[in-house]
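**Student:** Take a look at this one; I'll ask things after.
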Amino acid sequence: MAKPYNQVVLFGDSLFQGASAIQDGFSFQGALQDHCIRYLDVINRGFSGYNTKNALQLLPQIFLPPSPSNPKIEYLLVLLGANDACIPIPTNTQGISIDQYKENLIKIITHDHIKAHNPKILLVTPPPVDEIRITALDLAWGHPQATRQAAVSAAYSETARKVAAEIPGVVLVDLQKAIMDKAVSTTPDLDAGGPPLGYPGGKRGALEQLLPDGLHMSGEAYKAFFDIVKPHIGPFPEGQAVFPDWRVMNPGTI
């Protein structure tokens, strides 16, 4: 019988779907797989455009209980909310109320199909949005207004923080803070008394490089994400990989 590798699963929307791509010479999923190589497989279950309602609806089909043919999930990263935070307008129906978002997040991370694996759950806050850039692009696409607002998205990130604090054992990965901190630290002419970066009336600053379309992350942003995830996965015990080291397979080698 084949010997399966247990898994690290990335569950979320386009921010995880795009994590496999190489941007600016960096791939989040590639870096994470390199970190876990020979111990765990990194599985991408990112679905562009999905909100927590969509994710919860399909969760029983995406995650099956562990079995001899279905590997155990050791780490589950959940990143949802960027689409839940969409403004309700006639041209976009992705938005979910913030109360429903919280309820859905809790149902996802406490779902029986998840609990069967007993994984370490890393709940990720949705990153900030650059409303200045999003507004320009959304109007060009034909929307009557921006589909997302920076302050609204920030409130959804705060809700994810609250869920992580309320559910025992859940680890918070604060991507929203990490991206904003990096943007602020790399925007030298930032007016500390003005609006936050990406907010109307303010400036884009370094968010221009971190969130090129105002929503999706660049390679530099994914690197900042990886830096705050890596400490939570592992360490892996020496000599206990899924398959033995080559020196074990070839004894007597210097």
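Please note that chains go A, B, ... in the order of the structure tokens, that every chain numbers its residues from 1, and that ligands are numbered from 1 in the order shown.
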Name the residues of range 15-237 of chain A that fall into strand (DSSP E or B) according to DSSP on the backbone, using the chain letters and numbers of this document, as a list of chain:residue names.
**Tutor:** A:Gln23, A:Phe26, A:Leu40, A:Asp41, A:Val42, A:Ile43, A:Asn44, A:Arg45, A:Gly46, A:Ser67, A:Asn70, A:Ile73, A:Glu74, A:Tyr75, A:Leu76, A:Leu77, A:Val78, A:Leu79, A:Ile89, A:Asn92, A:Lys120, A:Ile121, A:Leu122, A:Leu123, A:Val124, A:Val171, A:Leu172, A:Val173
**Student:** Identify, on the basis of only C-alpha atoms, every residue whose closest approach to Val78 in chain A does not exceed 10 Å; exclude the query and any residue fewer than 4 positions from it along the same chain; express the result as a list in words.
**Tutor:** Val9, Leu10, Phe11, Gly12, Asp13, Phe16, Arg45, Gly46, Leu105, Ile108, Ile109, Ile121, Leu122, Leu123, Val124, Thr125, Pro126 and Val173 of chain A
**Student:** Residues as selected, N, CA and C atoms, written as a compact mmCIF listing (two decimals), in the first residue's frame, can you do that?
**Tutor:**
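Contents of part02.txt, freshly written:
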# COMPACT_ATOMS: atom_id res chain seq x y z
N VAL A 9 -2.99 22.26 4.13
CA VAL A 9 -4.00 22.66 3.14
C VAL A 9 -4.23 24.16 3.22
N LEU A 10 -4.20 24.80 2.05
CA LEU A 10 -4.51 26.22 1.91
C LEU A 10 -5.94 26.32 1.42
N PHE A 11 -6.84 26.79 2.25
CA PHE A 11 -8.27 26.84 1.93
C PHE A 11 -8.73 28.29 1.91
N GLY A 12 -9.20 28.72 0.75
CA GLY A 12 -9.65 30.11 0.68
C GLY A 12 -10.08 30.51 -0.72
N ASP A 13 -9.85 31.77 -1.03
CA ASP A 13 -10.30 32.35 -2.29
C ASP A 13 -9.13 32.55 -3.25
N PHE A 16 -5.41 32.49 -2.14
CA PHE A 16 -4.72 31.21 -2.07
C PHE A 16 -4.59 30.57 -3.45
N ARG A 45 -6.25 24.57 -2.07
CA ARG A 45 -7.70 24.57 -2.29
C ARG A 45 -8.20 26.01 -2.21
N GLY A 46 -7.58 26.83 -3.08
CA GLY A 46 -8.03 28.21 -3.22
C GLY A 46 -8.99 28.32 -4.39
N LEU A 105 -17.34 31.58 9.28
CA LEU A 105 -15.96 31.24 9.64
C LEU A 105 -15.93 30.22 10.78
N ILE A 108 -16.93 26.84 9.56
CA ILE A 108 -15.89 26.21 8.74
C ILE A 108 -14.83 25.56 9.62
N ILE A 109 -14.31 26.31 10.57
CA ILE A 109 -13.17 25.79 11.34
C ILE A 109 -13.59 24.79 12.42
N ILE A 121 -5.06 24.80 13.16
CA ILE A 121 -5.75 25.73 12.28
C ILE A 121 -5.11 27.11 12.38
N LEU A 122 -4.71 27.64 11.23
CA LEU A 122 -4.18 28.99 11.14
C LEU A 122 -5.22 29.84 10.42
N LEU A 123 -5.86 30.73 11.16
CA LEU A 123 -6.87 31.60 10.58
C LEU A 123 -6.22 32.91 10.17
N VAL A 124 -6.31 33.23 8.89
CA VAL A 124 -5.61 34.37 8.31
C VAL A 124 -6.58 35.53 8.11
N THR A 125 -6.19 36.71 8.55
CA THR A 125 -7.02 37.89 8.29
C THR A 125 -6.92 38.26 6.82
N PRO A 126 -8.03 38.64 6.20
CA PRO A 126 -7.95 39.15 4.82
C PRO A 126 -7.01 40.35 4.77
N VAL A 173 -3.10 34.42 12.13
CA VAL A 173 -2.04 34.91 11.24
C VAL A 173 -2.54 36.23 10.68
**Student:** So how far away is CA of Ser14 in chain A from CA of Tyr50 in chain A, in Å?
**Tutor:**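 So the answer is 7.7 Å.
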**Student:** Report as a count of residues only all protein, DNA and RNA residues lying within 9 Å of Thr52 in chain A, evaluated on only C-alpha atoms, omitting residues in the same chain fewer than 2 positions from it.
**Tutor:** 16
**Student:** Quick one: residues within 8 Å of range 17-23 of chain A, only C-alpha atoms, excluding same-chain residues fewer than 5 positions away - as a PyMOL selection string?
**Tutor:** chain A and resi 12+28-30+44-48+218-219+222
**Student:** Export C-alpha atoms of the chosen residues as a PDB file, in the first residue's frame?
**Tutor:**
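selection20.pdb, written as the output of this step:
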ATOM      1  CA  GLY A  12      -9.648  30.110   0.675  1.00  0.00           C
ATOM      2  CA  PHE A  28       4.225  31.308  -1.557  1.00  0.00           C
ATOM      3  CA  GLN A  29       3.137  27.715  -2.100  1.00  0.00           C
ATOM      4  CA  GLY A  30       6.529  26.768  -3.496  1.00  0.00           C
ATOM      5  CA  ASN A  44      -3.936  24.278  -2.629  1.00  0.00           C
ATOM      6  CA  ARG A  45      -7.701  24.565  -2.287  1.00  0.00           C
ATOM      7  CA  GLY A  46      -8.025  28.210  -3.217  1.00  0.00           C
ATOM      8  CA  PHE A  47     -11.145  29.136  -5.205  1.00  0.00           C
ATOM      9  CA  SER A  48     -11.186  32.494  -6.940  1.00  0.00           C
ATOM     10  CA  SER A 218       2.398  40.696  -5.451  1.00  0.00           C
ATOM     11  CA  GLY A 219       5.347  38.386  -4.889  1.00  0.00           C
ATOM     12  CA  TYR A 222       3.305  36.894  -0.562  1.00  0.00           C
TER      13      TYR A 222
END
**Student:** Give me the residues near range 210-212 of chain A as a PDB file with N, CA and C atoms, in the first residue's frame, where near means some atom within 12 Å (using only C-alpha atoms) and where sequence neighbours in that chain fewer than 4 positions away do not count.
**Tutor:**
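Below is the file that was written, part_16.pdb:
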ATOM      1  N   LEU A  15      -6.788  34.583  -3.232  1.00  0.00           N
ATOM      2  CA  LEU A  15      -5.522  34.891  -2.580  1.00  0.00           C
ATOM      3  C   LEU A  15      -4.723  33.624  -2.289  1.00  0.00           C
ATOM      4  N   GLN A  23       5.670  35.051  -8.745  1.00  0.00           N
ATOM      5  CA  GLN A  23       5.625  36.479  -9.004  1.00  0.00           C
ATOM      6  C   GLN A  23       6.886  37.115  -8.436  1.00  0.00           C
ATOM      7  N   ASP A  24       7.542  37.908  -9.242  1.00  0.00           N
ATOM      8  CA  ASP A  24       8.769  38.571  -8.798  1.00  0.00           C
ATOM      9  C   ASP A  24       9.764  37.554  -8.245  1.00  0.00           C
ATOM     10  N   PRO A 127      -6.212  40.462   3.721  1.00  0.00           N
ATOM     11  CA  PRO A 127      -5.284  41.594   3.633  1.00  0.00           C
ATOM     12  C   PRO A 127      -6.035  42.901   3.410  1.00  0.00           C
ATOM     13  N   PRO A 128      -5.349  44.033   3.540  1.00  0.00           N
ATOM     14  CA  PRO A 128      -6.000  45.308   3.258  1.00  0.00           C
ATOM     15  C   PRO A 128      -6.349  45.414   1.781  1.00  0.00           C
ATOM     16  N   VAL A 129      -7.191  46.352   1.458  1.00  0.00           N
ATOM     17  CA  VAL A 129      -7.439  46.675   0.053  1.00  0.00           C
ATOM     18  C   VAL A 129      -7.006  48.114  -0.193  1.00  0.00           C
ATOM     19  N   ASP A 130      -6.599  48.349  -1.421  1.00  0.00           N
ATOM     20  CA  ASP A 130      -6.259  49.699  -1.866  1.00  0.00           C
ATOM     21  C   ASP A 130      -7.492  50.235  -2.598  1.00  0.00           C
ATOM     22  N   GLU A 131      -8.321  50.938  -1.849  1.00  0.00           N
ATOM     23  CA  GLU A 131      -9.583  51.419  -2.418  1.00  0.00           C
ATOM     24  C   GLU A 131      -9.354  52.411  -3.550  1.00  0.00           C
ATOM     25  N   ILE A 132      -8.251  53.124  -3.511  1.00  0.00           N
ATOM     26  CA  ILE A 132      -7.959  54.090  -4.580  1.00  0.00           C
ATOM     27  C   ILE A 132      -7.811  53.359  -5.912  1.00  0.00           C
ATOM     28  N   ARG A 133      -7.026  52.293  -5.908  1.00  0.00           N
ATOM     29  CA  ARG A 133      -6.807  51.513  -7.126  1.00  0.00           C
ATOM     30  C   ARG A 133      -8.055  50.729  -7.516  1.00  0.00           C
ATOM     31  N   ILE A 134      -8.710  50.118  -6.555  1.00  0.00           N
ATOM     32  CA  ILE A 134      -9.901  49.325  -6.848  1.00  0.00           C
ATOM     33  C   ILE A 134     -10.995  50.187  -7.462  1.00  0.00           C
ATOM     34  N   LEU A 137     -10.298  50.756 -11.185  1.00  0.00           N
ATOM     35  CA  LEU A 137     -10.489  49.545 -11.983  1.00  0.00           C
ATOM     36  C   LEU A 137     -11.952  49.136 -12.055  1.00  0.00           C
ATOM     37  N   GLN A 176      -3.399  41.120   7.374  1.00  0.00           N
ATOM     38  CA  GLN A 176      -3.783  42.524   7.177  1.00  0.00           C
ATOM     39  C   GLN A 176      -2.766  43.454   7.832  1.00  0.00           C
ATOM     40  N   ALA A 178       0.364  42.670   8.706  1.00  0.00           N
ATOM     41  CA  ALA A 178       1.689  42.490   8.106  1.00  0.00           C
ATOM     42  C   ALA A 178       1.840  43.308   6.826  1.00  0.00           C
ATOM     43  N   ILE A 179       0.808  43.302   5.994  1.00  0.00           N
ATOM     44  CA  ILE A 179       0.874  44.054   4.733  1.00  0.00           C
ATOM     45  C   ILE A 179       0.856  45.556   4.998  1.00  0.00           C
ATOM     46  N   MET A 180      -0.014  45.990   5.901  1.00  0.00           N
ATOM     47  CA  MET A 180      -0.070  47.425   6.204  1.00  0.00           C
ATOM     48  C   MET A 180       1.227  47.904   6.855  1.00  0.00           C
ATOM     49  N   ASP A 181       1.768  47.112   7.753  1.00  0.00           N
ATOM     50  CA  ASP A 181       3.032  47.494   8.395  1.00  0.00           C
ATOM     51  C   ASP A 181       4.148  47.617   7.360  1.00  0.00           C
ATOM     52  N   LYS A 182       4.191  46.670   6.425  1.00  0.00           N
ATOM     53  CA  LYS A 182       5.222  46.729   5.391  1.00  0.00           C
ATOM     54  C   LYS A 182       5.008  47.934   4.484  1.00  0.00           C
ATOM     55  N   ALA A 183       3.748  48.209   4.136  1.00  0.00           N
ATOM     56  CA  ALA A 183       3.459  49.355   3.278  1.00  0.00           C
ATOM     57  C   ALA A 183       3.864  50.659   3.953  1.00  0.00           C
ATOM     58  N   VAL A 184       3.528  50.790   5.223  1.00  0.00           N
ATOM     59  CA  VAL A 184       3.857  52.015   5.956  1.00  0.00           C
ATOM     60  C   VAL A 184       5.371  52.184   6.072  1.00  0.00           C
ATOM     61  N   THR A 186       7.665  51.177   4.147  1.00  0.00           N
ATOM     62  CA  THR A 186       8.353  51.385   2.863  1.00  0.00           C
ATOM     63  C   THR A 186       7.744  52.530   2.059  1.00  0.00           C
ATOM     64  N   THR A 187       6.966  53.384   2.733  1.00  0.00           N
ATOM     65  CA  THR A 187       6.447  54.604   2.117  1.00  0.00           C
ATOM     66  C   THR A 187       7.093  55.783   2.837  1.00  0.00           C
ATOM     67  N   LEU A 197      -3.008  54.442   4.176  1.00  0.00           N
ATOM     68  CA  LEU A 197      -2.695  54.109   2.783  1.00  0.00           C
ATOM     69  C   LEU A 197      -3.854  53.347   2.145  1.00  0.00           C
ATOM     70  N   GLY A 198      -4.179  53.751   0.909  1.00  0.00           N
ATOM     71  CA  GLY A 198      -5.236  53.086   0.165  1.00  0.00           C
ATOM     72  C   GLY A 198      -6.626  53.601   0.433  1.00  0.00           C
ATOM     73  N   ARG A 204      -1.626  55.861  -2.321  1.00  0.00           N
ATOM     74  CA  ARG A 204      -1.414  54.423  -2.392  1.00  0.00           C
ATOM     75  C   ARG A 204      -0.111  54.021  -1.715  1.00  0.00           C
ATOM     76  N   GLY A 205       0.900  54.833  -1.850  1.00  0.00           N
ATOM     77  CA  GLY A 205       2.184  54.513  -1.263  1.00  0.00           C
ATOM     78  C   GLY A 205       2.681  53.158  -1.721  1.00  0.00           C
ATOM     79  N   ALA A 206       3.280  52.400  -0.823  1.00  0.00           N
ATOM     80  CA  ALA A 206       3.847  51.100  -1.172  1.00  0.00           C
ATOM     81  C   ALA A 206       2.790  50.044  -1.463  1.00  0.00           C
ATOM     82  N   HIS A 216      -5.264  41.859  -5.043  1.00  0.00           N
ATOM     83  CA  HIS A 216      -4.427  40.668  -5.103  1.00  0.00           C
ATOM     84  C   HIS A 216      -2.965  41.014  -4.825  1.00  0.00           C
ATOM     85  N   MET A 217      -2.266  40.057  -4.224  1.00  0.00           N
ATOM     86  CA  MET A 217      -0.934  40.326  -3.711  1.00  0.00           C
ATOM     87  C   MET A 217       0.163  40.076  -4.739  1.00  0.00           C
ATOM     88  N   SER A 218       1.194  40.874  -4.644  1.00  0.00           N
ATOM     89  CA  SER A 218       2.398  40.696  -5.451  1.00  0.00           C
ATOM     90  C   SER A 218       3.298  39.655  -4.795  1.00  0.00           C
ATOM     91  N   GLY A 219       4.389  39.308  -5.482  1.00  0.00           N
ATOM     92  CA  GLY A 219       5.347  38.386  -4.889  1.00  0.00           C
ATOM     93  C   GLY A 219       5.920  38.922  -3.589  1.00  0.00           C
ATOM     94  N   GLU A 220       6.151  40.220  -3.534  1.00  0.00           N
ATOM     95  CA  GLU A 220       6.677  40.840  -2.322  1.00  0.00           C
ATOM     96  C   GLU A 220       5.695  40.695  -1.165  1.00  0.00           C
ATOM     97  N   ALA A 221       4.410  40.851  -1.449  1.00  0.00           N
ATOM     98  CA  ALA A 221       3.394  40.693  -0.403  1.00  0.00           C
ATOM     99  C   ALA A 221       3.292  39.234   0.037  1.00  0.00           C
ATOM    100  N   TYR A 222       3.347  38.311  -0.925  1.00  0.00           N
ATOM    101  CA  TYR A 222       3.305  36.894  -0.562  1.00  0.00           C
ATOM    102  C   TYR A 222       4.524  36.512   0.281  1.00  0.00           C
ATOM    103  N   LYS A 223       5.667  37.144   0.031  1.00  0.00           N
ATOM    104  CA  LYS A 223       6.858  36.866   0.848  1.00  0.00           C
ATOM    105  C   LYS A 223       6.615  37.328   2.286  1.00  0.00           C
ATOM    106  N   ALA A 224       5.988  38.488   2.455  1.00  0.00           N
ATOM    107  CA  ALA A 224       5.661  38.953   3.805  1.00  0.00           C
ATOM    108  C   ALA A 224       4.679  38.001   4.475  1.00  0.00           C
ATOM    109  N   PHE A 225       3.766  37.443   3.704  1.00  0.00           N
ATOM    110  CA  PHE A 225       2.804  36.456   4.209  1.00  0.00           C
ATOM    111  C   PHE A 225       3.536  35.194   4.659  1.00  0.00           C
TER     112      PHE A 225
END
**Student:** Using only C-alpha atoms, which protein or nucleic acid residues come within 10 Å of Tyr75 in chain A? Drop anything in the same chain fewer than 5 positions from it, and give the result as a list in words.
**Tutor:**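 Within the cut-off, the hits are Asn6, Gln7, Val8, Val9, Leu10, Leu40, Val42, His117, Asn118, Pro119, Lys120, Ile121, Leu122, His232, Ile233 and Gly234 of chain A.
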**Student:** Write the selection just made, keeping C-alpha atoms, as a compact mmCIF listing (two decimals), in the first residue's frame?
**Tutor:**
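selection-v5.txt, freshly written:
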# COMPACT_ATOMS: atom_id res chain seq x y z
CA ASN A 6 0.07 14.15 5.55
CA GLN A 7 -0.96 17.61 4.42
CA VAL A 8 -0.84 21.34 4.82
CA VAL A 9 -4.00 22.66 3.14
CA LEU A 10 -4.51 26.22 1.91
CA LEU A 40 4.17 17.15 4.40
CA VAL A 42 1.13 21.42 0.58
CA HIS A 117 -8.39 15.57 11.10
CA ASN A 118 -7.67 17.53 14.29
CA PRO A 119 -5.39 19.92 12.39
CA LYS A 120 -3.57 22.95 13.69
CA ILE A 121 -5.75 25.73 12.28
CA LEU A 122 -4.18 28.99 11.14
CA HIS A 232 3.76 28.16 12.87
CA ILE A 233 4.55 25.10 10.73
CA GLY A 234 7.07 22.63 12.10
**Student:** Give me, as a list in words, all polymer residues having an atom no more than 12 Å from Asn70 in chain A, counting only C-alpha atoms and skipping those fewer than 3 positions away in the same chain.
**Tutor:** Ala2, Lys3, Pro4, Tyr5, Asn6, Gln7, Ile62, Phe63, Leu64, Pro65, Pro66, Ser67, Ile73, Ala116 and His117 of chain A
**Student:** Could you write out, as a VMD selection string, all the residues of range 22-254 of chain A that DSSP marks as alpha helix (DSSP H)?
**Tutor:** chain A and resid 28 to 36 52 to 62 98 to 109 112 to 115 131 to 141 150 to 166 175 to 185 207 to 210 219 to 229 246 to 249
**Student:** For the atom pair CA of Leu32 in chain A and CA of Pro231 in chain A, what is the interatomic distance in Å to one decimal place?
**Tutor:**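 Between these atoms lies a distance of 11.0 Å.
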**Student:** Find, counting only C-alpha atoms, the residue in A:Pro195, A:Gly142, A:Gly49, A:Pro168 that gets nearest to Ala85 in chain A.
**Tutor:**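 Once distances to Ala85 in chain A are computed over only C-alpha atoms, the minimum belongs to A:Gly49.
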**Student:** Take CA of Ala140 in chain A and CA of Lys203 in chain A and report the distance between them in Å, one decimal.
**Tutor:**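 Separation of CA of Ala140 in chain A and CA of Lys203 in chain A: 19.7 Å.
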